[in-house]
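Asks: So that we are looking at the same thing, I have put the structure below in structure tokens.
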Protein chains: 2
Amino acid sequence: MADIGAAVGIRGPSLYKHVASKQDLLAAVMTGTMRELLALHREAVATTDDPAERLRRATEAHVRYHAGHRLEAFVGNREIRSLVPSNRRRVLSLRAEYEKCFRDLVHAGITAGRFHVMSARLASYAILDLGMGVAVWFRADGELTEDIVTWQYGEMALRIVGAT
Amino acid sequence: MADIGAAVGIRGPSLYKHVASKQDLLAAVMTGTMRELLALHREAVATTDDPAERLRRATEAHVRYHAGHRLEAFVGNREIRSLVPSNRRRVLSLRAEYEKCFRDLVHAGITAGRFHVMSARLASYAILDLGMGVAVWFRADGELTEDIVTWQYGEMALRIVGAT
DNA sequence: TCCACGGGCTAATGGTCATTAGCCTGACTA
DNA sequence: TAGTCAGGCTAATGACCATTAGCCCGTGGA
């Protein structure tokens, strides 16, 4: 809490004039992250009906977010077990909702005869996990730029689902 | 430490008759995990020279390990920042070595004209991240069995590298 | 037989934090 | 102009936990 306070220019205890507890703060950060991801997803798939293009854009949004918000992603993935059950349920339910978005995209591609995978769930897990990974290893000053990684991972998602 | 002690039938402080510190214990667990992964990898690629088959078997070993050793993988991914610098260096160097194994497999496939990817590094990161993900969501009692996941992810790896 | 020591136990010790208590100041507002 | 209150601060308080102190018992070689 002292560190968080320092980051906004006040002392640790003064934070309690703004948040009820560290737990609440963590929950707010994590649900905020998930809501942002969901909003970006909806925006990404809004402008086309083509299954492959929708999946590509959703993956790109997913990857771009994780490359640009490594800290949020890190906290989101690492601190789930730090949440009390009620908060954890909230976050996990948002996460499940997000996963379902991808699974639905894969299903749509399958029923349209455009994708070829055995398990839509497995494919959506795989694509989501790619993004999580990006948050771990991505460095803004590395040789792989955010644009390159985003583009390449969009391609990979299409390969994973066997898009024609 | 009390929990760890309980897991082996003794009290927390008694553990100090066997390990020097919690830090050492964690480092031993993490380096052990990485060494095991490296050994499994070498075993997996030892019996064939075909680039695609080697990558498939390496991926399968990777995924199977992460499905079967979720806790080790969890600790290995989450607690790196808990290590003091010297231990962290050791673990990260083993990890880099493991990643290089996959990168070399991808390179071999590319130079043999069998794989088609822009960045071998990106492809190897992607494949490795799939395994990490498995450790997070895999449940032995789920509808997706270890065999199915392993097989499917092996296929996905080949798709990711654009194997012909 | 005895004694050294491996290995277990309980009871400190000490450090790190989140959180609370209690205080103070400065800005509106009646 | 006095009162209220938002919002800072320092100094407790109290958990929690790794680690250490100091003790005890059983066993196996001398």
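In the structure tokens, chains take the letters A, B, ... in the order shown, each chain's residues start at 1, and ligands count up from 1 in the order shown.
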Return as an MDAnalysis selection string the residues belonging to chain C that are within 9 Å of chain B, counting only C-alpha atoms (C1' of nucleotides).
Replies: chainID C and resid 6:9
Asks: Need to verify the contact set: segment 36-52 of chain A, 8 Å, only C-alpha atoms (C1' of nucleotides), exclusion of same-chain residues closer than 2 positions in sequence. Can you return it as a ChimeraX atom specification?
Replies: /A:32-34,54-58,61-62,65,98,105-106,108-109,112,114,158,163
Asks: Quick one: residues within 10 Å of DG22 of chain C, only C-alpha atoms (C1' of nucleotides) counted, chain neighbours fewer than 6 positions away excluded, as a list of chain:residue names?
Replies: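 Final neighbour list, sorted by chain and number: D:DT10, D:DA11, D:DA12.
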Asks: Could you please tell me, as a list in words, which residues of chain D have an atom within 10 Å of chain A when using only C-alpha atoms (C1' of nucleotides)?
Replies: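 Listed by rising number, the hits are DA6, DG7, DG8, DC9 and DT10 of chain D.
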Asks: For chain A, which residue out of B:Ala120, B:Ala157, B:Leu92, B:Ala140 is the nearest one, using only C-alpha atoms?
Replies: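 Among the listed residues, the smallest separation from chain A belongs to B:Ala157.
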Asks: By how many Å are atom CA of Asp147 of chain A and atom CA of Phe115 of chain B apart?
Replies: 22.5 Å
Asks: Counting only C-alpha atoms, which residues from chain B have an atom at most 10 Å from any atom of chain A, and could you show them as a PyMOL selection string?
Replies: chain B and resi 74+77-79+117-119+121-123+125-134+136-137+144+148-149+152-153+155-162
Asks: Could you please take those selected residues and save C-alpha atoms as a compact mmCIF listing (two decimals), in the first residue's frame?
Replies:
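Heads up, here's the output in result_0.txt:
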# COMPACT_ATOMS: atom_id res chain seq x y z
CA PHE B 74 2.23 -22.93 -11.67
CA ASN B 77 5.69 -19.46 -13.78
CA ARG B 78 4.46 -17.49 -10.82
CA GLU B 79 7.31 -17.45 -8.34
CA VAL B 117 6.82 -18.80 -40.41
CA MET B 118 8.14 -15.27 -40.29
CA SER B 119 9.80 -15.50 -36.91
CA ARG B 121 11.28 -17.00 -32.04
CA LEU B 122 7.67 -15.96 -32.17
CA ALA B 123 6.58 -19.44 -33.18
CA TYR B 125 7.15 -18.57 -27.85
CA ALA B 126 3.67 -19.35 -29.07
CA ILE B 127 4.10 -23.10 -28.75
CA LEU B 128 5.62 -22.82 -25.30
CA ASP B 129 2.87 -20.51 -24.14
CA LEU B 130 0.28 -23.06 -25.16
CA GLY B 131 1.78 -25.46 -22.66
CA MET B 132 1.83 -22.88 -19.89
CA GLY B 133 -1.83 -22.28 -20.56
CA VAL B 134 -2.65 -25.95 -20.30
CA VAL B 136 -3.67 -23.25 -15.86
CA TRP B 137 -6.95 -24.61 -17.16
CA LEU B 144 -10.79 -33.04 -22.44
CA ILE B 148 -6.72 -35.54 -26.38
CA VAL B 149 -5.18 -32.25 -25.32
CA GLN B 152 -4.49 -31.71 -30.42
CA TYR B 153 -1.79 -29.34 -29.24
CA GLU B 155 -1.32 -30.72 -34.27
CA MET B 156 -1.69 -27.06 -33.41
CA ALA B 157 2.07 -26.64 -33.13
CA LEU B 158 2.45 -27.98 -36.65
CA ARG B 159 -0.24 -25.64 -37.87
CA ILE B 160 1.42 -22.71 -36.13
CA VAL B 161 4.68 -23.30 -37.96
CA GLY B 162 2.85 -23.92 -41.21
Asks: What is the atom C1' of DG26 of chain C to atom CA of Ala7 of chain A distance in Å?
Replies: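 We find that atom C1' of DG26 of chain C and atom CA of Ala7 of chain A lie 23.7 Å from each other.
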Asks: Identify which of the residues C:DC2, C:DT20, C:DT25, C:DT10 lies closest to DC24 of chain D, counting only C-alpha atoms (C1' of nucleotides) when measuring atom-to-atom distances.
Replies: C:DT10
Asks: Taking the chain letters and numbering used in this document, name the residues of segment 46-158 of chain A that DSSP puts in helix (DSSP H, G or I), as a PyMOL selection string.
Replies: chain A and resi 51-68+70-78+80-82+85-111+120-137+146-158
Asks: For those residues, write C-alpha atoms to a file as a CSV table (one decimal), in the first residue's frame.
Replies:
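Below you can see part-v8.csv, which holds the result:
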chain,number,residue,atom,x,y,z
A,51,PRO,CA,-15.7,-15.5,-39.4
A,52,ALA,CA,-12.0,-15.5,-40.2
A,53,GLU,CA,-11.7,-11.8,-40.2
A,54,ARG,CA,-13.6,-11.6,-36.9
A,55,LEU,CA,-11.3,-14.1,-35.3
A,56,ARG,CA,-8.3,-12.3,-36.7
A,57,ARG,CA,-9.4,-8.9,-35.4
A,58,ALA,CA,-10.4,-10.3,-32.0
A,59,THR,CA,-7.0,-12.0,-31.6
A,60,GLU,CA,-5.3,-8.9,-32.7
A,61,ALA,CA,-7.1,-6.9,-30.1
A,62,HIS,CA,-6.4,-9.5,-27.5
A,63,VAL,CA,-2.7,-9.6,-28.3
A,64,ARG,CA,-2.3,-5.8,-28.6
A,65,TYR,CA,-3.9,-5.3,-25.2
A,66,HIS,CA,-1.6,-7.8,-23.6
A,67,ALA,CA,1.4,-6.3,-25.2
A,68,GLY,CA,0.4,-2.8,-24.2
A,70,ARG,CA,1.6,-6.2,-19.4
A,71,LEU,CA,1.2,-5.2,-15.8
A,72,GLU,CA,-2.6,-5.4,-15.8
A,73,ALA,CA,-2.4,-8.8,-17.5
A,74,PHE,CA,0.3,-10.0,-15.1
A,75,VAL,CA,-1.9,-9.0,-12.1
A,76,GLY,CA,-5.0,-10.4,-13.7
A,77,ASN,CA,-3.3,-13.8,-14.2
A,78,ARG,CA,-1.3,-14.0,-11.0
A,80,ILE,CA,-6.7,-14.4,-8.8
A,81,ARG,CA,-6.0,-16.6,-5.8
A,82,SER,CA,-5.5,-13.5,-3.7
A,85,PRO,CA,-14.4,-15.8,-3.0
A,86,SER,CA,-17.0,-13.3,-4.0
A,87,ASN,CA,-14.5,-11.1,-5.9
A,88,ARG,CA,-12.9,-14.2,-7.4
A,89,ARG,CA,-16.3,-15.3,-8.7
A,90,ARG,CA,-16.9,-11.9,-10.3
A,91,VAL,CA,-13.6,-11.9,-12.1
A,92,LEU,CA,-13.8,-15.6,-13.2
A,93,SER,CA,-17.2,-15.0,-14.6
A,94,LEU,CA,-16.0,-12.1,-16.7
A,95,ARG,CA,-13.1,-14.3,-17.8
A,96,ALA,CA,-15.5,-17.1,-18.7
A,97,GLU,CA,-17.6,-14.6,-20.7
A,98,TYR,CA,-14.5,-13.5,-22.6
A,99,GLU,CA,-13.5,-17.0,-23.4
A,100,LYS,CA,-17.0,-17.7,-24.6
A,101,CYS,CA,-16.7,-14.9,-27.1
A,102,PHE,CA,-13.7,-16.6,-28.7
A,103,ARG,CA,-15.3,-20.0,-28.5
A,104,ASP,CA,-18.4,-18.6,-30.3
A,105,LEU,CA,-16.2,-17.1,-33.0
A,106,VAL,CA,-14.6,-20.5,-33.5
A,107,HIS,CA,-18.0,-22.2,-33.6
A,108,ALA,CA,-19.2,-19.7,-36.1
A,109,GLY,CA,-16.3,-20.5,-38.4
A,110,ILE,CA,-16.8,-24.2,-38.0
A,111,THR,CA,-20.5,-24.1,-38.8
A,120,ALA,CA,-13.7,-25.2,-30.3
A,121,ARG,CA,-13.0,-25.0,-26.7
A,122,LEU,CA,-9.4,-26.1,-27.1
A,123,ALA,CA,-8.8,-23.8,-30.0
A,124,SER,CA,-10.2,-20.8,-28.0
A,125,TYR,CA,-8.0,-21.7,-25.0
A,126,ALA,CA,-5.0,-21.9,-27.2
A,127,ILE,CA,-5.6,-18.5,-28.8
A,128,LEU,CA,-6.2,-16.9,-25.4
A,129,ASP,CA,-3.1,-18.4,-23.9
A,130,LEU,CA,-1.1,-17.0,-26.7
A,131,GLY,CA,-2.1,-13.5,-25.5
A,132,MET,CA,-1.3,-14.3,-21.9
A,133,GLY,CA,2.1,-15.4,-23.0
A,134,VAL,CA,2.7,-12.2,-24.9
A,135,ALA,CA,2.2,-10.2,-21.7
A,136,VAL,CA,5.0,-12.3,-20.1
A,137,TRP,CA,7.7,-12.0,-22.6
A,146,GLU,CA,3.9,-4.6,-31.0
A,147,ASP,CA,2.6,-4.4,-34.6
A,148,ILE,CA,4.6,-7.4,-35.8
A,149,VAL,CA,3.6,-9.6,-32.9
A,150,THR,CA,0.0,-8.6,-33.2
A,151,TRP,CA,-0.1,-9.3,-36.9
A,152,GLN,CA,1.7,-12.6,-36.6
A,153,TYR,CA,-0.4,-13.8,-33.8
A,154,GLY,CA,-3.5,-13.0,-35.8
A,155,GLU,CA,-2.2,-15.2,-38.5
A,156,MET,CA,-1.4,-17.9,-36.0
A,157,ALA,CA,-4.9,-17.9,-34.7
A,158,LEU,CA,-6.2,-18.5,-38.2
Asks: Which value, in Å to one decimal, gives the distance between atom C1' of DA21 of chain C and atom CA of Ala2 of chain A?
Replies: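 Going from atom C1' of DA21 of chain C over to atom CA of Ala2 of chain A covers 18.0 Å.
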Asks: So that I can see what lies close to DG3 of chain D, please list as number ranges by chain the residues with an atom at most 12 Å from it, counting only C-alpha atoms (C1' of nucleotides) and leaving out residues fewer than 5 positions away in the same chain.
Replies: C: 28-30
Asks: Show me, as number ranges by chain, the residues that have an atom within 10 Å of DA21 of chain D when counting only C-alpha atoms (C1' of nucleotides), minus same-chain residues fewer than 4 positions from it.
Replies: C: 11-13
